[in-house]
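Text of structure_28.cif, listed as mmCIF, C-alpha atoms, pLDDT in the B column; chains and numbers go by the auth columns:
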```cif
data_protein
loop_
_atom_site.group_PDB
_atom_site.id
_atom_site.type_symbol
_atom_site.label_atom_id
_atom_site.label_comp_id
_atom_site.label_asym_id
_atom_site.label_seq_id
_atom_site.Cartn_x
_atom_site.Cartn_y
_atom_site.Cartn_z
_atom_site.B_iso_or_equiv
_atom_site.auth_seq_id
_atom_site.auth_asym_id
ATOM 1 C CA MET A 1 84.277 -29.729 54.302 40.00 1233 G
ATOM 2 C CA GLY A 2 86.495 -26.944 55.596 47.00 1234 G
ATOM 3 C CA ASN A 3 89.090 -26.318 58.183 50.00 1235 G
ATOM 4 C CA GLU A 4 90.201 -23.353 60.195 47.00 1236 G
ATOM 5 C CA ILE A 5 93.644 -22.318 61.361 45.00 1237 G
ATOM 6 C CA ILE A 6 93.831 -19.890 64.262 43.00 1238 G
ATOM 7 C CA LEU A 7 97.122 -17.999 64.110 44.00 1239 G
ATOM 8 C CA SER A 8 96.348 -15.797 67.109 44.00 1240 G
ATOM 9 C CA THR A 9 93.249 -14.433 68.810 44.00 1241 G
ATOM 10 C CA ASP A 10 92.944 -11.771 66.100 47.00 1242 G
ATOM 11 C CA ILE A 11 93.791 -13.621 62.869 43.00 1243 G
ATOM 12 C CA THR A 12 91.897 -16.621 61.510 44.00 1244 G
ATOM 13 C CA ILE A 13 92.381 -18.318 58.134 44.00 1245 G
ATOM 14 C CA SER A 14 89.493 -20.508 56.991 48.00 1246 G
ATOM 15 C CA LYS A 15 89.531 -22.931 54.054 48.00 1247 G
ATOM 16 C CA ALA A 16 86.831 -24.850 52.251 45.00 1248 G
ATOM 17 C CA ILE A 17 87.939 -27.181 49.475 44.00 1249 G
ATOM 18 C CA GLU A 18 85.970 -28.336 46.408 45.00 1250 G
ATOM 19 C CA LEU A 19 82.875 -26.211 46.800 46.00 1251 G
ATOM 20 C CA ASN A 20 80.910 -26.477 43.519 49.00 1252 G
ATOM 21 C CA ASN A 21 83.263 -25.492 40.671 49.00 1253 G
ATOM 22 C CA ILE A 22 85.580 -23.605 42.979 46.00 1254 G
ATOM 23 C CA GLU A 23 88.489 -25.696 44.130 48.00 1255 G
ATOM 24 C CA GLU A 24 89.499 -23.635 47.138 47.00 1256 G
ATOM 25 C CA ILE A 25 88.031 -20.798 49.159 48.00 1257 G
ATOM 26 C CA SER A 26 89.969 -19.110 51.899 54.00 1258 G
ATOM 27 C CA SER A 27 89.095 -16.206 54.107 54.00 1259 G
ATOM 28 C CA ILE A 28 91.291 -14.148 56.322 52.00 1260 G
ATOM 29 C CA THR A 29 89.687 -12.644 59.394 52.00 1261 G
ATOM 30 C CA LEU A 30 91.469 -9.847 61.190 51.00 1262 G
ATOM 31 C CA GLY A 31 89.952 -9.351 64.626 51.00 1263 G
ATOM 32 C CA SER A 32 86.187 -9.615 64.363 54.00 1264 G
ATOM 33 C CA GLN A 33 86.018 -8.402 60.764 54.00 1265 G
ATOM 34 C CA ARG A 34 86.603 -10.596 57.723 52.00 1266 G
ATOM 35 C CA SER A 35 88.833 -8.572 55.429 55.00 1267 G
ATOM 36 C CA TYR A 36 89.652 -10.695 52.405 55.00 1268 G
ATOM 37 C CA ILE A 37 88.343 -13.714 50.548 54.00 1269 G
ATOM 38 C CA THR A 38 90.468 -15.676 48.114 54.00 1270 G
ATOM 39 C CA TYR A 39 89.280 -18.399 45.805 52.00 1271 G
ATOM 40 C CA SER A 40 90.752 -20.340 42.938 52.00 1272 G
ATOM 41 C CA THR A 41 89.470 -22.481 40.094 56.00 1273 G
ATOM 42 C CA ASN A 42 91.476 -24.482 37.588 57.00 1274 G
ATOM 43 C CA SER A 43 93.096 -21.455 36.030 53.00 1275 G
ATOM 44 C CA VAL A 44 92.085 -18.362 38.014 53.00 1276 G
ATOM 45 C CA SER A 45 92.867 -17.187 41.504 51.00 1277 G
ATOM 46 C CA MET A 46 91.064 -14.202 43.008 54.00 1278 G
ATOM 47 C CA PHE A 47 91.829 -12.081 46.046 54.00 1279 G
ATOM 48 C CA ILE A 48 88.829 -9.965 47.056 57.00 1280 G
ATOM 49 C CA ASN A 49 88.804 -7.147 49.577 60.00 1281 G
ATOM 50 C CA ILE A 50 85.428 -7.506 51.279 62.00 1282 G
ATOM 51 C CA GLN A 51 85.091 -3.794 52.061 66.00 1283 G
ATOM 52 C CA GLU A 52 85.693 -2.916 48.403 68.00 1284 G
ATOM 53 C CA MET A 53 83.230 -5.600 47.305 68.00 1285 G
ATOM 54 C CA ALA A 54 80.603 -4.325 49.760 72.00 1286 G
ATOM 55 C CA SER A 55 81.143 -0.802 48.457 76.00 1287 G
ATOM 56 C CA TYR A 56 80.777 -2.036 44.867 73.00 1288 G
ATOM 57 C CA VAL A 57 77.569 -3.930 45.721 75.00 1289 G
ATOM 58 C CA GLU A 58 76.134 -0.880 47.505 81.00 1290 G
ATOM 59 C CA SER A 59 76.998 1.319 44.533 83.00 1291 G
ATOM 60 C CA ALA A 60 75.368 -1.144 42.116 82.00 1292 G
ATOM 61 C CA LYS A 61 72.272 -1.261 44.330 84.00 1293 G
ATOM 62 C CA ASN A 62 72.060 2.548 44.397 83.00 1294 G
ATOM 63 C CA ASN A 63 72.484 2.742 40.605 85.00 1295 G
ATOM 64 C CA PHE A 64 69.744 0.154 40.136 88.00 1296 G
ATOM 65 C CA SER A 65 67.415 2.055 42.473 87.00 1297 G
ATOM 66 C CA TYR A 66 68.174 5.364 40.711 90.00 1298 G
ATOM 67 C CA ASN A 67 67.575 3.860 37.267 91.00 1299 G
ATOM 68 C CA LEU A 68 64.341 2.217 38.423 93.00 1300 G
ATOM 69 C CA LYS A 69 63.063 5.545 39.795 94.00 1301 G
ATOM 70 C CA LYS A 70 64.080 7.253 36.571 94.00 1302 G
ATOM 71 C CA GLU A 71 62.298 4.637 34.448 95.00 1303 G
ATOM 72 C CA ASN A 72 59.132 4.945 36.560 95.00 1304 G
ATOM 73 C CA LEU A 73 59.162 8.729 36.166 96.00 1305 G
ATOM 74 C CA TYR A 74 59.607 8.442 32.367 96.00 1306 G
ATOM 75 C CA VAL A 75 56.703 5.987 32.189 96.00 1307 G
ATOM 76 C CA THR A 76 54.533 8.267 34.338 96.00 1308 G
ATOM 77 C CA ALA A 77 55.317 11.240 32.088 96.00 1309 G
ATOM 78 C CA ILE A 78 54.490 9.290 28.913 96.00 1310 G
ATOM 79 C CA VAL A 79 51.246 7.874 30.328 97.00 1311 G
ATOM 80 C CA ASN A 80 50.189 11.350 31.473 96.00 1312 G
ATOM 81 C CA LEU A 81 50.962 12.871 28.073 96.00 1313 G
ATOM 82 C CA ILE A 82 48.808 10.177 26.450 97.00 1314 G
ATOM 83 C CA LYS A 83 45.975 10.936 28.904 97.00 1315 G
ATOM 84 C CA LYS A 84 46.267 14.644 28.136 96.00 1316 G
ATOM 85 C CA THR A 85 46.152 13.941 24.390 97.00 1317 G
ATOM 86 C CA GLU A 86 43.096 11.703 24.798 97.00 1318 G
ATOM 87 C CA PHE A 87 41.379 14.400 26.870 97.00 1319 G
ATOM 88 C CA LEU A 88 42.176 17.108 24.311 96.00 1320 G
ATOM 89 C CA GLN A 89 40.833 14.921 21.489 97.00 1321 G
ATOM 90 C CA LEU A 90 37.612 14.448 23.449 97.00 1322 G
ATOM 91 C CA LEU A 91 37.447 18.197 24.089 96.00 1323 G
ATOM 92 C CA ILE A 92 37.892 18.874 20.352 97.00 1324 G
ATOM 93 C CA GLN A 93 35.029 16.482 19.578 97.00 1325 G
ATOM 94 C CA LEU A 94 32.861 18.454 22.016 96.00 1326 G
ATOM 95 C CA SER A 95 33.873 21.823 20.572 96.00 1327 G
ATOM 96 C CA GLU A 96 33.228 20.609 17.010 97.00 1328 G
ATOM 97 C CA LYS A 97 29.834 19.299 18.158 95.00 1329 G
ATOM 98 C CA SER A 98 30.795 15.725 17.178 96.00 1330 G
ATOM 99 C CA ILE A 99 29.582 14.721 20.635 96.00 1331 G
ATOM 100 C CA THR A 100 27.160 16.312 23.041 96.00 1332 G
ATOM 101 C CA GLU A 101 28.094 17.649 26.457 96.00 1333 G
ATOM 102 C CA ALA A 102 26.233 14.690 27.993 97.00 1334 G
ATOM 103 C CA GLU A 103 28.303 12.246 25.896 97.00 1335 G
ATOM 104 C CA TYR A 104 31.460 14.109 26.900 96.00 1336 G
ATOM 105 C CA ASP A 105 30.582 13.903 30.600 96.00 1337 G
ATOM 106 C CA LYS A 106 29.548 10.250 30.294 97.00 1338 G
ATOM 107 C CA GLU A 107 32.819 9.312 28.563 97.00 1339 G
ATOM 108 C CA ILE A 108 34.928 10.909 31.285 96.00 1340 G
ATOM 109 C CA GLU A 109 32.752 9.426 34.032 97.00 1341 G
ATOM 110 C CA GLU A 110 32.917 5.910 32.562 97.00 1342 G
ATOM 111 C CA ASN A 111 36.637 6.035 31.659 96.00 1343 G
ATOM 112 C CA PRO A 112 38.377 8.274 34.197 95.00 1344 G
ATOM 113 C CA SER A 113 41.701 6.402 33.962 95.00 1345 G
ATOM 114 C CA LYS A 114 41.831 7.290 30.267 96.00 1346 G
ATOM 115 C CA TYR A 115 41.518 11.046 30.844 96.00 1347 G
ATOM 116 C CA ILE A 116 42.241 12.014 34.448 95.00 1348 G
ATOM 117 C CA ILE A 117 45.779 12.444 35.742 95.00 1349 G
ATOM 118 C CA GLU A 118 45.984 11.411 39.388 94.00 1350 G
ATOM 119 C CA THR A 119 48.503 13.303 41.513 93.00 1351 G
ATOM 120 C CA ASP A 120 50.325 12.355 44.678 93.00 1352 G
ATOM 121 C CA TYR A 121 52.933 13.816 46.982 92.00 1353 G
ATOM 122 C CA LEU A 122 56.576 13.958 45.939 89.00 1354 G
ATOM 123 C CA ASN A 123 58.252 10.774 47.188 86.00 1355 G
ATOM 124 C CA SER A 124 61.705 12.212 47.818 88.00 1356 G
ATOM 125 C CA LEU A 125 64.076 14.981 46.897 89.00 1357 G
ATOM 126 C CA ASP A 126 65.971 12.341 44.892 89.00 1358 G
ATOM 127 C CA ASP A 127 62.894 12.047 42.670 92.00 1359 G
ATOM 128 C CA LEU A 128 62.911 15.808 42.242 92.00 1360 G
ATOM 129 C CA SER A 129 66.531 15.694 41.090 91.00 1361 G
ATOM 130 C CA ILE A 130 65.654 13.017 38.523 94.00 1362 G
ATOM 131 C CA ILE A 131 62.642 15.037 37.359 94.00 1363 G
ATOM 132 C CA GLY A 132 64.915 18.066 36.917 92.00 1364 G
ATOM 133 C CA GLU A 133 67.284 15.965 34.821 93.00 1365 G
ATOM 134 C CA ILE A 134 64.420 14.708 32.619 95.00 1366 G
ATOM 135 C CA VAL A 135 62.974 18.215 32.156 94.00 1367 G
ATOM 136 C CA ARG A 136 66.420 19.535 31.157 93.00 1368 G
ATOM 137 C CA LYS A 137 66.713 16.737 28.580 94.00 1369 G
ATOM 138 C CA ILE A 138 63.304 17.656 27.153 92.00 1370 G
ATOM 139 C CA GLY A 139 64.780 21.072 26.484 91.00 1371 G
ATOM 140 C CA LEU A 140 61.589 23.105 26.795 89.00 1372 G
ATOM 141 C CA SER A 141 60.782 25.804 29.281 90.00 1373 G
ATOM 142 C CA MET A 142 58.071 24.367 31.527 92.00 1374 G
ATOM 143 C CA GLN A 143 55.993 25.937 34.258 94.00 1375 G
ATOM 144 C CA THR A 144 55.904 24.256 37.657 94.00 1376 G
ATOM 145 C CA ASP A 145 52.260 23.222 37.195 94.00 1377 G
ATOM 146 C CA GLU A 146 53.129 21.556 33.873 95.00 1378 G
ATOM 147 C CA VAL A 147 55.919 19.574 35.526 95.00 1379 G
ATOM 148 C CA ALA A 148 53.609 18.597 38.378 95.00 1380 G
ATOM 149 C CA GLU A 149 50.976 17.361 35.928 96.00 1381 G
ATOM 150 C CA MET A 150 53.508 15.524 33.778 96.00 1382 G
ATOM 151 C CA PHE A 151 54.904 13.553 36.723 96.00 1383 G
ATOM 152 C CA SER A 152 51.641 13.191 38.726 95.00 1384 G
ATOM 153 C CA ILE A 153 52.827 15.298 41.648 95.00 1385 G
ATOM 154 C CA GLU A 154 50.699 17.572 43.811 94.00 1386 G
ATOM 155 C CA LEU A 155 51.688 21.134 42.912 93.00 1387 G
ATOM 156 C CA SER A 156 52.118 22.130 46.571 93.00 1388 G
ATOM 157 C CA SER A 157 54.356 19.102 47.155 93.00 1389 G
ATOM 158 C CA LEU A 158 56.492 19.986 44.129 93.00 1390 G
ATOM 159 C CA ASN A 159 56.782 23.600 45.307 91.00 1391 G
ATOM 160 C CA ASN A 160 57.776 22.429 48.803 91.00 1392 G
ATOM 161 C CA GLY A 161 60.446 20.165 47.285 90.00 1393 G
ATOM 162 C CA LEU A 162 61.811 23.003 45.158 88.00 1394 G
ATOM 163 C CA THR A 163 61.928 25.241 48.223 88.00 1395 G
ATOM 164 C CA ALA A 164 63.784 22.553 50.203 84.00 1396 G
ATOM 165 C CA LEU A 165 66.358 22.168 47.417 78.00 1397 G
ATOM 166 C CA SER A 166 66.991 25.904 47.217 74.00 1398 G
ATOM 167 C CA PHE A 167 68.371 25.988 50.786 57.00 1399 G
#
```
Starting from the file, give its structure as structure tokens.
Amino acid sequence: MGNEIILSTDITISKAIELNNIEEISSITLGSQRSYITYSTNSVSMFINIQEMASYVESAKNNFSYNLKKENLYVTAIVNLIKKTEFLQLLIQLSEKSITEAEYDKEIEENPSKYIIETDYLNSLDDLSIIGEIVRKIGLSMQTDEVAEMFSIELSSLNNGLTALSF
């Protein structure tokens, strides 16, 4: 399937011919590290620096991870705002005497996921940076406890993260 030409103890050129739709793949190894890959099809030849490709892949992976974290934080904020709205509507019904205090308590007890915002510790300072970016985009002045509630973060954990970032 392929052949290998050893030019010296430090340089190796490997070839594989007719691999799927690619007519020729060659790699050049300098010392113990493969540096370049070349391949050609009917009309295109490519010369790829492996270090640059690895850097590109790592960058793409980091961007994907960042965007996934950002999406999860947006979803958390929206879900928590819906829970807060549902809770306030229930509270209004109680204050207007549309429901009794027993019905109010029963509704919250039977449907806690509809009304109660669970909090957890801040996962990373990267998350805090993303949260800061989202809050800036919202454009409103928010208290730390409001941010903690919006993103389901323990207030003490959020404060610790803010303290760590200020150093």
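Taking CA of Ser1327 in chain G and CA of Glu1378 in chain G as the two end points, the separation is 23.4 Å.
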Neighbour list for Ile1363 in chain G as number ranges by chain, cut-off 10 Å, only C-alpha atoms, skip fewer than 3 positions in-chain: G: 1301-1302, 1305-1306, 1309, 1357-1360, 1366-1369, 1379-1380, 1382-1383
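Candidate residues G:Ile1385, G:Leu1372, G:Leu1320, G:Ala1286 were compared for distance to Tyr1353 in chain G, and the nearest is G:Ile1385, using only C-alpha atoms.
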Output of the PyMOL selection byres ((chain G and resi 1316) around 10), listed as a PyMOL selection string: chain G and resi 1310-1315+1317-1322+1346-1349+1381-1382
Distance in Å - CA of Glu1365 in chain G versus CA of Glu1303 in chain G: 12.4 Å
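Candidate residues G:Ser1398, G:Gln1325, G:Asn1355, G:Thr1308 were compared for distance to Glu1386 in chain G, and the nearest is G:Asn1355, using only C-alpha atoms.
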For Asp1337 in chain G: contacts at 12 Å, all atoms listed in the file, fewer than 3 positions along chain excluded, given as a VMD selection string: chain G and resid 1319 1322 to 1323 1326 1331 to 1334 1340 to 1344 1347
Convert the current residue selection to file output with C-alpha atoms, as a tab-separated table (two decimals), in the frame of the given file.
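Writing done, so here's again02.tsv:
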```tsv
chain	number	residue	atom	x	y	z
G	1319	PHE	CA	41.38	14.40	26.87
G	1322	LEU	CA	37.61	14.45	23.45
G	1323	LEU	CA	37.45	18.20	24.09
G	1326	LEU	CA	32.86	18.45	22.02
G	1331	ILE	CA	29.58	14.72	20.64
G	1332	THR	CA	27.16	16.31	23.04
G	1333	GLU	CA	28.09	17.65	26.46
G	1334	ALA	CA	26.23	14.69	27.99
G	1340	ILE	CA	34.93	10.91	31.28
G	1341	GLU	CA	32.75	9.43	34.03
G	1342	GLU	CA	32.92	5.91	32.56
G	1343	ASN	CA	36.64	6.04	31.66
G	1344	PRO	CA	38.38	8.27	34.20
G	1347	TYR	CA	41.52	11.05	30.84
```
Listed atoms of range 1292-1311 of chain G boxed along x, y and z, 8 Å each side, centre and edge lengths in Å, one decimal, as AutoDock Vina command-line options:
```
--center_x 63.3 --center_y 5.0 --center_z 36.7 --size_x 40.1 --size_y 28.5 --size_z 31.5
```
Coordinates-based distance that separates CA of Leu1354 in chain G from CA of Glu1290 in chain G (Å, one decimal):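 Computing it gives 24.6 Å between the two atoms.
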